[in-house]
$ cat my_file-v5.txt   # compact mmCIF, C-alpha atoms
# COMPACT_ATOMS: atom_id res chain seq x y z
CA MET A 971 -113.62 -18.20 100.91
CA ALA A 972 -111.85 -14.95 100.43
CA GLU A 973 -111.87 -12.75 103.41
CA ILE A 974 -113.04 -9.26 103.33
CA ILE A 975 -110.98 -6.99 105.40
CA GLN A 976 -112.92 -4.00 106.42
CA GLU A 977 -111.03 -0.83 106.32
CA GLU A 978 -111.41 1.23 109.40
CA LYS A 979 -112.93 4.52 108.75
CA GLY A 980 -110.93 7.45 109.82
CA LYS A 981 -112.55 9.28 112.63
CA LYS A 982 -112.90 12.94 112.53
CA GLY A 983 -111.24 14.86 115.26
CA GLY A 984 -110.46 13.47 118.66
CA LYS A 985 -107.31 11.72 119.70
CA ARG A 986 -105.26 10.03 117.10
CA ARG A 987 -105.16 6.39 117.97
CA PRO A 988 -102.89 3.84 116.38
CA LYS A 989 -104.83 2.01 113.73
CA LYS A 990 -106.41 -1.15 114.99
CA HIS A 991 -105.34 -4.14 112.94
CA SER A 992 -107.59 -7.08 112.54
CA THR A 993 -106.29 -10.12 114.43
CA ASN A 994 -107.44 -12.38 111.64
CA ILE A 995 -104.71 -13.50 109.34
CA ASP A 996 -105.73 -14.38 105.86
CA MET A 997 -104.98 -18.08 105.69
CA THR A 998 -106.26 -18.70 102.20
CA PRO A 999 -102.89 -18.79 100.41
CA MET A 1000 -101.54 -21.14 103.04
CA VAL A 1001 -104.51 -23.45 102.66
CA ASP A 1002 -104.11 -23.38 98.89
CA LEU A 1003 -100.49 -24.36 99.15
CA MET A 1004 -101.19 -27.11 101.65
CA CYS A 1005 -103.91 -28.55 99.44
CA LEU A 1006 -101.47 -28.68 96.59
CA LEU A 1007 -98.75 -30.31 98.64
CA ILE A 1008 -101.08 -32.91 100.11
CA THR A 1009 -102.35 -33.82 96.68
CA PHE A 1010 -98.82 -34.11 95.43
CA PHE A 1011 -97.70 -36.37 98.24
CA MET A 1012 -100.82 -38.49 98.07
CA LEU A 1013 -100.31 -39.17 94.41
CA THR A 1014 -96.61 -39.90 94.51
CA THR A 1015 -96.60 -42.07 97.60
CA ALA A 1016 -96.02 -45.77 97.14
CA PHE A 1017 -97.84 -47.19 100.11
CA SER A 1018 -97.42 -50.88 99.72
CA LYS A 1019 -93.81 -51.72 99.32
CA PRO A 1020 -93.20 -54.64 97.02
CA LYS A 1021 -92.91 -58.01 98.72
CA ILE A 1022 -90.34 -60.57 97.79
CA MET A 1023 -90.34 -64.30 97.65
CA VAL A 1024 -86.92 -65.76 98.14
CA ILE A 1025 -85.88 -68.83 96.24
CA THR A 1026 -82.48 -70.43 96.39
CA MET A 1027 -81.43 -72.56 93.49
CA PRO A 1028 -78.93 -75.38 93.69
CA GLU A 1029 -75.53 -74.34 92.46
CA LYS A 1030 -74.80 -75.33 88.91
CA ASN A 1031 -71.83 -77.11 87.37
CA LEU A 1032 -70.82 -78.75 90.58
CA ASP A 1033 -68.71 -81.85 90.16
CA GLN A 1034 -70.34 -83.65 93.04
CA LYS A 1035 -73.14 -86.03 92.28
CA ALA A 1036 -76.71 -85.10 93.02
CA PRO A 1037 -77.89 -86.64 96.28
CA GLU A 1038 -79.82 -89.86 95.95
CA ILE A 1039 -83.48 -89.41 96.70
CA PRO A 1040 -85.69 -92.35 97.61
CA ALA A 1041 -88.21 -92.77 94.82
CA TRP A 1042 -91.25 -92.93 97.08
CA ARG A 1043 -90.47 -89.49 98.46
CA THR A 1044 -90.02 -87.81 95.12
CA LEU A 1045 -92.96 -85.82 93.90
CA ASN A 1046 -92.48 -84.42 90.43
CA ILE A 1047 -94.58 -81.47 89.45
CA ILE A 1048 -94.72 -80.51 85.81
CA LEU A 1049 -96.09 -77.17 84.73
CA THR A 1050 -97.32 -76.38 81.29
CA ASP A 1051 -99.78 -73.91 79.83
CA LYS A 1052 -103.40 -73.21 80.79
CA ASP A 1053 -103.06 -73.40 84.58
CA VAL A 1054 -102.71 -77.16 84.57
CA VAL A 1055 -100.43 -79.00 86.95
CA TYR A 1056 -99.30 -82.54 86.29
CA TYR A 1057 -97.62 -84.63 88.90
CA TYR A 1058 -96.27 -88.10 89.43
CA ILE A 1059 -94.42 -89.91 92.16
CA GLY A 1060 -91.11 -91.60 91.69
CA ASN A 1061 -88.72 -91.56 88.78
CA ALA A 1062 -89.34 -91.56 85.09
CA ASP A 1063 -86.60 -93.65 83.59
CA PRO A 1064 -86.99 -94.88 80.00
CA LYS A 1065 -84.69 -97.80 80.79
CA LYS A 1066 -86.80 -98.97 83.66
CA PRO A 1067 -90.43 -99.35 82.62
CA PRO A 1068 -93.20 -99.04 83.56
CA LEU A 1069 -93.26 -95.32 83.08
CA PRO A 1070 -95.23 -93.34 85.65
CA VAL A 1071 -98.63 -91.97 84.71
CA LEU A 1072 -99.16 -88.24 85.02
CA SER A 1073 -102.04 -87.13 87.20
CA LYS A 1074 -103.77 -83.88 86.39
CA SER A 1075 -104.47 -81.15 88.89
CA ASP A 1076 -104.78 -77.39 89.10
CA PHE A 1077 -103.91 -74.41 91.29
CA SER A 1078 -107.21 -74.27 93.13
CA LYS A 1079 -107.67 -75.01 96.81
CA ASP A 1080 -108.62 -78.61 96.13
CA GLY A 1081 -106.02 -79.06 93.46
CA ILE A 1082 -102.35 -79.57 93.98
CA ARG A 1083 -102.58 -78.18 97.51
CA LYS A 1084 -104.54 -81.20 98.66
CA VAL A 1085 -101.94 -83.52 97.23
CA LEU A 1086 -99.13 -81.63 98.90
CA LEU A 1087 -100.90 -81.41 102.24
CA GLU A 1088 -101.65 -85.09 102.28
CA LYS A 1089 -98.05 -85.97 101.57
CA ASN A 1090 -96.72 -83.44 104.00
CA LYS A 1091 -99.29 -84.08 106.74
CA ASP A 1092 -96.90 -84.71 109.60
CA LEU A 1093 -94.66 -81.72 109.12
CA PHE A 1094 -97.57 -79.43 108.31
CA THR A 1095 -99.42 -80.41 111.50
CA GLN A 1096 -96.28 -79.96 113.54
CA ILE A 1097 -95.60 -76.47 112.21
CA VAL A 1098 -99.21 -75.30 112.43
CA ASN A 1099 -99.46 -76.52 116.02
CA TYR A 1100 -96.27 -74.71 116.89
CA ARG A 1101 -97.53 -71.48 115.32
CA GLU A 1102 -100.87 -71.77 117.08
CA LYS A 1103 -99.17 -72.23 120.40
CA ARG A 1104 -97.35 -68.98 119.82
CA ILE A 1105 -100.49 -67.12 118.77
CA SER A 1106 -102.50 -68.35 121.76
CA GLY A 1107 -99.73 -67.23 124.09
CA LYS A 1108 -98.86 -70.64 125.49
CA LEU A 1109 -95.41 -70.27 124.10
CA VAL A 1110 -93.55 -66.98 124.21
CA VAL A 1111 -90.52 -66.88 121.98
CA ALA A 1112 -88.97 -64.30 119.73
CA ASP A 1113 -89.64 -64.38 116.00
CA SER A 1114 -86.08 -65.38 115.22
CA THR A 1115 -86.23 -68.28 117.65
CA ALA A 1116 -89.50 -69.44 116.15
CA ASP A 1117 -88.03 -69.28 112.64
CA GLN A 1118 -85.09 -71.33 113.81
CA GLU A 1119 -87.35 -73.87 115.42
CA ILE A 1120 -89.42 -74.23 112.25
CA ARG A 1121 -86.27 -74.59 110.21
CA ARG A 1122 -85.12 -77.31 112.60
CA MET A 1123 -88.44 -79.12 112.18
CA LYS A 1124 -88.08 -78.95 108.41
CA ARG A 1125 -84.58 -80.33 108.54
CA GLY A 1126 -85.62 -83.17 110.77
CA ASP A 1127 -88.43 -84.16 108.43
CA MET A 1128 -87.70 -87.60 107.01
CA LYS A 1129 -91.10 -88.57 105.64
CA GLY A 1130 -92.34 -85.59 103.70
CA PRO A 1131 -92.06 -85.36 99.95
CA ILE A 1132 -89.15 -83.92 98.06
CA VAL A 1133 -90.70 -81.85 95.31
CA LEU A 1134 -89.04 -81.34 91.98
CA ILE A 1135 -90.64 -78.52 90.05
CA LYS A 1136 -90.26 -78.61 86.32
CA ALA A 1137 -91.77 -76.44 83.65
CA ASP A 1138 -91.87 -76.70 79.91
CA ASP A 1139 -91.49 -73.78 77.52
CA LYS A 1140 -95.19 -73.03 77.47
CA ALA A 1141 -95.40 -72.31 81.18
CA LYS A 1142 -96.00 -68.78 82.38
CA TYR A 1143 -93.99 -67.01 85.03
CA LYS A 1144 -96.99 -66.82 87.34
CA ASP A 1145 -97.32 -70.62 87.31
CA ILE A 1146 -93.86 -71.05 88.71
CA VAL A 1147 -94.49 -68.36 91.32
CA ASN A 1148 -97.79 -69.99 92.22
CA ILE A 1149 -96.27 -73.39 92.71
CA ILE A 1150 -93.39 -72.09 94.81
CA ASP A 1151 -95.97 -70.20 96.80
CA GLU A 1152 -97.88 -73.42 97.28
CA MET A 1153 -94.71 -74.92 98.75
CA ALA A 1154 -94.59 -72.10 101.28
CA ILE A 1155 -98.28 -72.47 102.12
CA CYS A 1156 -97.96 -76.21 102.70
CA ASN A 1157 -94.74 -75.79 104.70
CA LEU A 1158 -92.77 -78.14 102.52
CA ALA A 1159 -89.29 -78.87 103.71
CA SER A 1160 -87.51 -79.56 100.46
CA TYR A 1161 -88.25 -78.48 96.95
CA ALA A 1162 -86.24 -77.40 93.96
CA VAL A 1163 -86.81 -75.96 90.53
CA VAL A 1164 -85.04 -78.20 88.04
CA ASP A 1165 -84.86 -78.67 84.28
CA ILE A 1166 -87.49 -80.81 82.64
CA LEU A 1167 -86.31 -84.20 81.35
CA PRO A 1168 -86.86 -85.26 77.72
CA ILE A 1169 -88.83 -88.28 78.88
CA GLU A 1170 -91.18 -86.03 80.79
CA LEU A 1171 -91.86 -83.98 77.67
CA GLU A 1172 -92.82 -87.25 76.03
CA LEU A 1173 -95.11 -88.08 78.92
CA LEU A 1174 -96.75 -84.68 78.65
CA LYS A 1175 -97.84 -85.42 75.12
CA THR A 1176 -99.92 -88.34 76.25
CA ALA A 1177 -101.10 -86.74 79.49
CA PRO A 1178 -104.84 -86.29 80.07
CA LYS A 1179 -106.01 -82.93 78.76
CA MET B 1337 -143.97 -4.20 114.20
CA PRO B 1338 -140.49 -3.54 112.97
CA LYS B 1339 -139.00 -6.08 110.68
CA ILE B 1340 -136.63 -8.50 112.31
CA LYS B 1341 -133.30 -8.02 110.72
CA ALA B 1342 -131.07 -10.99 110.44
CA PRO B 1343 -127.79 -9.97 111.94
CA ALA B 1344 -125.24 -9.31 109.24
CA ARG B 1345 -122.82 -12.20 109.28
CA SER B 1346 -119.24 -11.75 108.43
CA PRO B 1347 -118.35 -13.77 105.31
CA HIS B 1348 -115.26 -14.86 107.07
CA ILE B 1349 -115.05 -18.57 107.96
CA ASP B 1350 -112.72 -19.75 110.61
CA MET B 1351 -110.21 -21.85 108.77
CA THR B 1352 -108.10 -22.85 111.74
CA PRO B 1353 -109.47 -26.42 112.15
CA MET B 1354 -109.10 -27.03 108.45
CA VAL B 1355 -105.55 -25.78 108.52
CA ASP B 1356 -104.86 -27.99 111.53
CA LEU B 1357 -106.12 -31.02 109.72
CA PHE B 1358 -104.22 -30.17 106.59
CA SER B 1359 -100.99 -29.74 108.50
CA LEU B 1360 -101.46 -33.11 110.10
CA LEU B 1361 -102.14 -34.82 106.81
CA LEU B 1362 -99.26 -33.08 105.15
CA THR B 1363 -96.86 -34.06 107.90
CA PHE B 1364 -98.08 -37.64 107.73
CA PHE B 1365 -97.61 -37.89 103.98
CA MET B 1366 -94.27 -36.19 104.06
CA LEU B 1367 -92.95 -38.57 106.68
CA THR B 1368 -94.33 -41.79 105.27
CA THR B 1369 -93.69 -41.11 101.65
CA SER B 1370 -91.36 -43.19 99.63
CA PHE B 1371 -91.54 -42.12 96.07
CA ARG B 1372 -92.85 -44.51 93.53
CA PRO B 1373 -89.94 -45.17 91.22
CA GLN B 1374 -90.48 -44.64 87.58
CA GLU B 1375 -90.69 -47.95 85.83
CA ALA B 1376 -89.70 -48.69 82.31
CA ALA B 1377 -92.71 -50.92 81.80
CA ILE B 1378 -95.98 -51.66 83.52
CA ILE B 1379 -95.61 -54.92 85.38
CA GLN B 1380 -98.43 -56.93 86.87
CA SER B 1381 -96.65 -58.93 89.53
CA PRO B 1382 -97.96 -62.37 90.46
CA ASN B 1383 -99.35 -62.96 93.95
CA SER B 1384 -97.77 -64.85 96.81
CA VAL B 1385 -98.13 -65.24 100.56
CA SER B 1386 -94.66 -63.93 101.25
CA GLU B 1387 -94.58 -60.99 103.62
CA LYS B 1388 -90.91 -60.27 103.31
CA GLN B 1389 -90.20 -56.73 102.23
CA ALA B 1390 -87.96 -55.92 99.37
CA PRO B 1391 -84.81 -54.07 100.39
CA ASP B 1392 -84.54 -50.40 99.42
CA LYS B 1393 -80.89 -50.34 98.69
CA ASN B 1394 -78.29 -52.66 97.28
CA ILE B 1395 -80.60 -54.30 94.87
CA MET B 1396 -80.34 -55.05 91.20
CA THR B 1397 -83.67 -55.59 89.53
CA ILE B 1398 -84.31 -57.42 86.33
CA ILE B 1399 -87.68 -56.50 84.93
CA ILE B 1400 -89.41 -58.79 82.47
CA ASP B 1401 -92.55 -57.49 80.84
CA LYS B 1402 -95.27 -59.65 79.39
CA ASN B 1403 -93.83 -59.51 75.88
CA GLY B 1404 -90.53 -60.83 77.13
CA LYS B 1405 -88.72 -57.51 76.94
CA VAL B 1406 -86.05 -57.22 79.58
CA PHE B 1407 -85.21 -54.09 81.52
CA TYR B 1408 -82.59 -53.60 84.13
CA ASN B 1409 -82.10 -51.41 87.13
CA ILE B 1410 -79.36 -51.05 89.69
CA ASP B 1411 -79.18 -48.59 92.50
CA ASN B 1412 -76.15 -46.71 93.68
CA GLY B 1413 -75.69 -48.93 96.68
CA LYS B 1414 -75.88 -48.11 100.38
CA ASP B 1415 -73.24 -45.47 100.05
CA THR B 1416 -74.37 -43.15 97.28
CA THR B 1417 -70.92 -41.65 96.99
CA SER B 1418 -69.67 -44.92 95.54
CA HIS B 1419 -71.58 -44.17 92.31
CA ALA B 1420 -72.20 -47.80 91.47
CA ARG B 1421 -74.35 -46.97 88.46
CA VAL B 1422 -71.75 -44.72 86.91
CA ASN B 1423 -69.03 -47.29 87.45
CA VAL B 1424 -71.06 -50.03 85.84
CA LEU B 1425 -71.78 -47.91 82.79
CA THR B 1426 -68.11 -46.97 82.52
CA GLU B 1427 -67.19 -50.65 82.44
CA MET B 1428 -69.91 -51.36 79.90
CA ALA B 1429 -68.69 -48.49 77.74
CA LYS B 1430 -65.18 -49.95 77.77
CA GLN B 1431 -66.55 -53.34 76.81
CA TYR B 1432 -68.54 -52.05 73.87
CA GLN B 1433 -66.12 -49.27 72.91
CA ILE B 1434 -68.51 -46.42 73.37
CA SER B 1435 -67.24 -43.31 75.07
CA PHE B 1436 -69.57 -41.35 77.26
CA THR B 1437 -68.98 -37.81 78.37
CA LYS B 1438 -68.85 -36.98 82.04
CA LYS B 1439 -72.27 -35.41 81.86
CA GLU B 1440 -73.78 -38.46 80.21
CA LEU B 1441 -72.39 -40.67 82.93
CA GLU B 1442 -73.72 -38.35 85.60
CA ASP B 1443 -77.16 -38.31 84.00
CA PHE B 1444 -77.20 -42.08 83.96
CA GLY B 1445 -76.44 -42.08 87.67
CA HIS B 1446 -79.71 -40.31 88.41
CA LEU B 1447 -81.98 -42.34 86.18
CA ALA B 1448 -83.86 -45.50 87.01
CA SER B 1449 -84.62 -48.65 85.05
CA PHE B 1450 -83.61 -48.88 81.44
CA GLY B 1451 -83.76 -51.41 78.67
CA MET B 1452 -82.03 -50.86 75.36
CA PRO B 1453 -79.07 -52.18 73.44
CA MET B 1454 -75.84 -50.41 74.31
CA ALA B 1455 -75.86 -48.79 70.88
CA ASP B 1456 -78.99 -46.85 71.80
CA MET B 1457 -77.85 -45.89 75.27
CA ARG B 1458 -76.58 -42.48 74.26
CA LYS B 1459 -79.78 -41.60 72.40
CA TRP B 1460 -81.76 -42.58 75.45
CA LEU B 1461 -79.62 -40.40 77.68
CA HIS B 1462 -80.10 -37.43 75.36
CA ALA B 1463 -83.84 -37.84 74.96
CA ALA B 1464 -85.60 -34.74 76.20
CA ASP B 1465 -88.50 -36.10 78.21
CA SER B 1466 -89.88 -39.38 79.45
CA LYS B 1467 -92.10 -39.83 76.43
CA GLU B 1468 -89.17 -39.46 74.12
CA LYS B 1469 -87.14 -41.80 76.31
CA GLU B 1470 -89.78 -44.49 76.14
CA LYS B 1471 -89.19 -44.91 72.42
CA PHE B 1472 -85.73 -46.27 73.06
CA GLN B 1473 -86.82 -48.75 75.73
CA THR B 1474 -86.75 -51.71 73.42
CA GLY B 1475 -85.37 -54.24 75.88
CA ILE B 1476 -81.85 -55.43 76.59
CA PRO B 1477 -80.66 -58.17 74.23
CA THR B 1478 -80.45 -61.49 76.06
CA ASP B 1479 -79.06 -63.63 73.27
CA SER B 1480 -75.37 -64.14 72.87
CA VAL B 1481 -73.99 -63.07 69.53
CA ASP B 1482 -70.91 -64.71 67.94
CA ASN B 1483 -69.95 -66.47 71.15
CA ARG B 1484 -69.87 -63.21 73.02
CA ALA B 1485 -71.90 -63.01 76.19
CA SER B 1486 -75.20 -61.20 75.78
CA GLU B 1487 -75.52 -57.59 76.87
CA LEU B 1488 -77.69 -58.49 79.82
CA ALA B 1489 -75.08 -60.99 80.98
CA MET B 1490 -72.49 -58.23 80.75
CA TRP B 1491 -74.64 -55.84 82.77
CA ILE B 1492 -75.06 -58.51 85.41
CA ARG B 1493 -71.37 -59.34 85.47
CA PHE B 1494 -70.21 -55.74 85.85
CA SER B 1495 -72.86 -55.00 88.46
CA ARG B 1496 -71.63 -57.99 90.44
CA LEU B 1497 -68.05 -56.81 90.11
CA THR B 1498 -68.90 -53.25 91.13
CA ASN B 1499 -71.25 -54.00 93.98
CA SER B 1500 -70.95 -57.59 95.08
CA ASN B 1501 -73.34 -57.10 97.99
CA ALA B 1502 -76.26 -56.28 95.77
CA GLU B 1503 -79.13 -58.71 95.92
CA VAL B 1504 -80.87 -59.81 92.79
CA ALA B 1505 -84.57 -59.23 92.36
CA ILE B 1506 -86.59 -60.51 89.46
CA LYS B 1507 -89.70 -58.54 88.71
CA GLY B 1508 -91.59 -60.48 86.15
CA ASP B 1509 -95.02 -59.93 84.74
CA ALA B 1510 -97.43 -62.72 85.63
CA GLU B 1511 -97.98 -63.41 81.95
CA ALA B 1512 -94.30 -63.46 81.05
CA ASN B 1513 -93.01 -66.65 79.54
CA TYR B 1514 -91.16 -68.96 81.89
CA LYS B 1515 -88.65 -69.61 79.12
CA THR B 1516 -87.38 -66.03 79.33
CA VAL B 1517 -87.26 -66.12 83.10
CA LYS B 1518 -85.37 -69.41 82.99
CA LYS B 1519 -82.85 -67.98 80.57
CA ILE B 1520 -82.22 -65.06 82.90
CA MET B 1521 -81.97 -67.30 85.94
CA ASP B 1522 -79.38 -69.42 84.15
CA MET B 1523 -77.49 -66.28 83.25
CA LEU B 1524 -77.52 -65.20 86.88
CA GLN B 1525 -76.35 -68.60 88.06
CA GLU B 1526 -73.41 -68.38 85.72
CA ASN B 1527 -72.52 -65.21 87.58
CA LYS B 1528 -72.70 -67.03 90.90
CA VAL B 1529 -76.07 -65.74 91.97
CA ASN B 1530 -78.04 -68.59 93.47
CA LYS B 1531 -80.51 -66.68 95.57
CA PHE B 1532 -83.28 -64.89 93.78
CA ASN B 1533 -85.87 -62.55 95.14
CA LEU B 1534 -89.03 -62.75 93.11
CA ILE B 1535 -91.09 -59.60 93.49
CA THR B 1536 -94.71 -60.42 94.20
CA ASN B 1537 -97.88 -58.89 95.56
CA LEU B 1538 -99.13 -60.00 98.92
CA GLU B 1539 -102.21 -62.18 98.84
CA LYS B 1540 -103.16 -63.92 102.06
CA GLN B 1541 -104.15 -67.57 101.98
CA GLU B 1542 -105.58 -69.33 104.99
CA VAL B 1543 -104.77 -72.97 105.34
CA THR B 1544 -105.56 -74.71 108.60
CA LEU B 1545 -105.38 -78.23 109.91
CA LYS B 1546 -108.94 -78.75 108.68
CA ASP B 1547 -107.68 -78.59 105.13
CA VAL B 1548 -105.46 -81.61 105.61
CA PRO B 1549 -107.15 -84.57 103.99
CA LYS B 1550 -107.86 -87.36 106.42

$ encode --input "my_file-v5.txt" --output "structure tokens"
Amino acid sequence: MAEIIQEEKGKKGGKRRPKKHSTNIDMTPMVDLMCLLITFFMLTTAFSKPKIMVITMPEKNLDQKAPEIPAWRTLNIILTDKDVVYYYIGNADPKKPPLPVLSKSDFSKDGIRKVLLEKNKDLFTQIVNYREKRISGKLVVADSTADQEIRRMKRGDMKGPIVLIKADDKAKYKDIVNIIDEMAICNLASYAVVDILPIELELLKTAPK
Amino acid sequence: MPKIKAPARSPHIDMTPMVDLFSLLLTFFMLTTSFRPQEAAIIQSPNSVSEKQAPDKNIMTIIIDKNGKVFYNIDNGKDTTSHARVNVLTEMAKQYQISFTKKELEDFGHLASFGMPMADMRKWLHAADSKEKEKFQTGIPTDSVDNRASELAMWIRFSRLTNSNAEVAIKGDAEANYKTVKKIMDMLQENKVNKFNLITNLEKQEVTLKDVPK
């Protein structure tokens, strides 16, 4: 795309006029440089900033006793290898048989999500309705107010499950992220990541494969 | 009949629109750019629905790759004149009785994530280029030796002491073992960190009332 600048031929005789300069500026070097810069910026840009998932863990080594949870509300989720999720309701106490039976599930749409949604039906419906009202414009509130309202709903929830997430040594990091994510999707009010109990490791051995 | 001569065209193309476009693009990229930080390891983050953005500043990141190697990164804090990184390394040097020169400390202040035992830190700082540096990225030891806290625990402790406002982010590979992550979370909880930010990729999931089983 180089430009050819034609030299003006000197005229013989006559008046001496100031040389006429072409009004065209050669933009090629500028274009070259811009191309380079654009390429550089395009390649070094990080467009999607990383997202974060916040999880708050219960403080450790506290002297106070763990709060009593009614057994029917407790949903224990046990993670192990190969994308399998086991769950049972209630407590597993070796002193108080019968021991619960582990049910098998997975991370698919009809897997553990269905279980969680069924247990958390009331709160889930409440929150989804609230969000839909905001989207349809029936309710106009600021984001912070809406967050507060949802938090209030979650606190007031007295029927939904309390999920205890446990993982054995074979679990992968993505499993734990997936399950916490599932809690967010199903709008669960209370869940915690806790250590796995020895009795649960025993139960895992006999769990359906 | 005389031949019809095609008029001689000038080989010159008007580049003004192209230049206009280029300027626009360039301005756009220059303004939106946030440089991709150089990572010590390639991490495939797991997906989640969270749309919360990770903070730019005041963040300490613990990177766990799929082999369970642990890397660490802290930034200089909101106020870059506070030199948080340099201060942390100075404390670490005192702890492990290694003396760093002023230049070594300064170099460390400019670098990003790292992962090596303290003994190799100096070699890493002196390595000529990034390829050379990579050789020393063997992961920070996470096991405690002879009842002394592990090196990672020390890094965490001194970072907390230097910049107590820093949030903790865990950037784990999807395939990383939960055991390693758990160990690190326990370590963090011992240092009074109870809120973790897990770095994930956004993946939308639609769940509506129809999905609720009747």

$ closest_residue --input "my_file-v5.txt" --among "B:Glu1511, B:Asp1443, B:Asp1350, B:Glu1427" --to "B:Ile1400" --atoms "all atoms listed in the file"
B:Glu1511

$ closest_residue --input "my_file-v5.txt" --among "B:Asp1356, B:Glu1468, B:Glu1503, B:Glu1387" --to "chain A" --atoms "only C-alpha atoms"
B:Glu1387

$ closest_residue --input "my_file-v5.txt" --among "A:Asp1080, A:Glu1029, A:Asp1138, A:Glu1088" --to "B:Thr1516" --atoms "all atoms listed in the file"
A:Asp1138

$ interface_residues --input "my_file-v5.txt" --of "chain A" --to "chain B" --cutoff "6 Å" --atoms "only C-alpha atoms" --output "list in words"
Glu973, Ile1008, Phe1011, Thr1014, Thr1015, Ala1016, Pro1020, Lys1021, Ile1022, Met1023, Val1024, Ile1025, Thr1026, Met1027, Leu1087, Glu1088, Asp1139, Ala1141, Lys1142, Tyr1143, Lys1144 and Asp1151 of chain A

$ atom_distance --input "my_file-v5.txt" --atom1 "atom CA of A:Asn1090" --atom2 "atom CA of A:Lys1175"
29.0 Å

$ atom_distance --input "my_file-v5.txt" --atom1 "atom CA of A:Lys1084" --atom2 "atom CA of A:Val1071"
18.6 Å

$ residues_around --input "my_file-v5.txt" --residues "stretch 1496-1500 of chain B" --least-positions-apart "5" --cutoff "8 Å" --atoms "all atoms listed in the file" --output "list of chain:residue names"
B:Asn1394, B:Gly1413, B:Ala1420, B:Asn1423, B:Val1424, B:Asn1527

$ write_last_selection --input "my_file-v5.txt" --atoms "C-alpha atoms" --output "tab-separated table (two decimals), keeping the file's coordinate frame"
chain	number	residue	atom	x	y	z
B	1394	ASN	CA	-78.29	-52.66	97.28
B	1413	GLY	CA	-75.69	-48.93	96.68
B	1420	ALA	CA	-72.20	-47.80	91.47
B	1423	ASN	CA	-69.03	-47.29	87.45
B	1424	VAL	CA	-71.06	-50.03	85.84
B	1527	ASN	CA	-72.52	-65.21	87.58

$ atom_distance --input "my_file-v5.txt" --atom1 "atom CA of A:Asp996" --atom2 "atom CA of B:Arg1345"
17.6 Å

$ axis_aligned_box --input "my_file-v5.txt" --around "stretch 1079-1091 of chain A" --padding-each-side "3 Å" --output "lines of an AutoDock Vina configuration file"
center_x = -102.7
center_y = -80.5
center_z = 100.1
size_x = 17.9
size_y = 17.0
size_z = 19.3

$ closest_residue --input "my_file-v5.txt" --among "A:Val1111, A:Met1004, A:Val1098, A:Ile1146" --to "A:Met1123" --atoms "all atoms listed in the file"
A:Val1098

$ closest_residue --input "my_file-v5.txt" --among "B:Lys1471, B:Leu1357, B:Ala1464, B:Glu1442" --to "A:Cys1005" --atoms "only C-alpha atoms"
B:Leu1357

$ closest_residue --input "my_file-v5.txt" --among "A:Gln1096, A:Thr1044, A:Asn1148, A:Asn1061" --to "A:Arg1083" --atoms "only C-alpha atoms"
A:Asn1148

$ residues_near_point --input "my_file-v5.txt" --point "(-92.2, -88.7, 75.5)" --cutoff "12 Å" --atoms "only C-alpha atoms" --output "list of chain:residue names"
A:Ala1062, A:Asp1063, A:Pro1064, A:Leu1069, A:Pro1070, A:Val1071, A:Leu1072, A:Ile1166, A:Leu1167, A:Pro1168, A:Ile1169, A:Glu1170, A:Leu1171, A:Glu1172, A:Leu1173, A:Leu1174, A:Lys1175, A:Thr1176, A:Ala1177
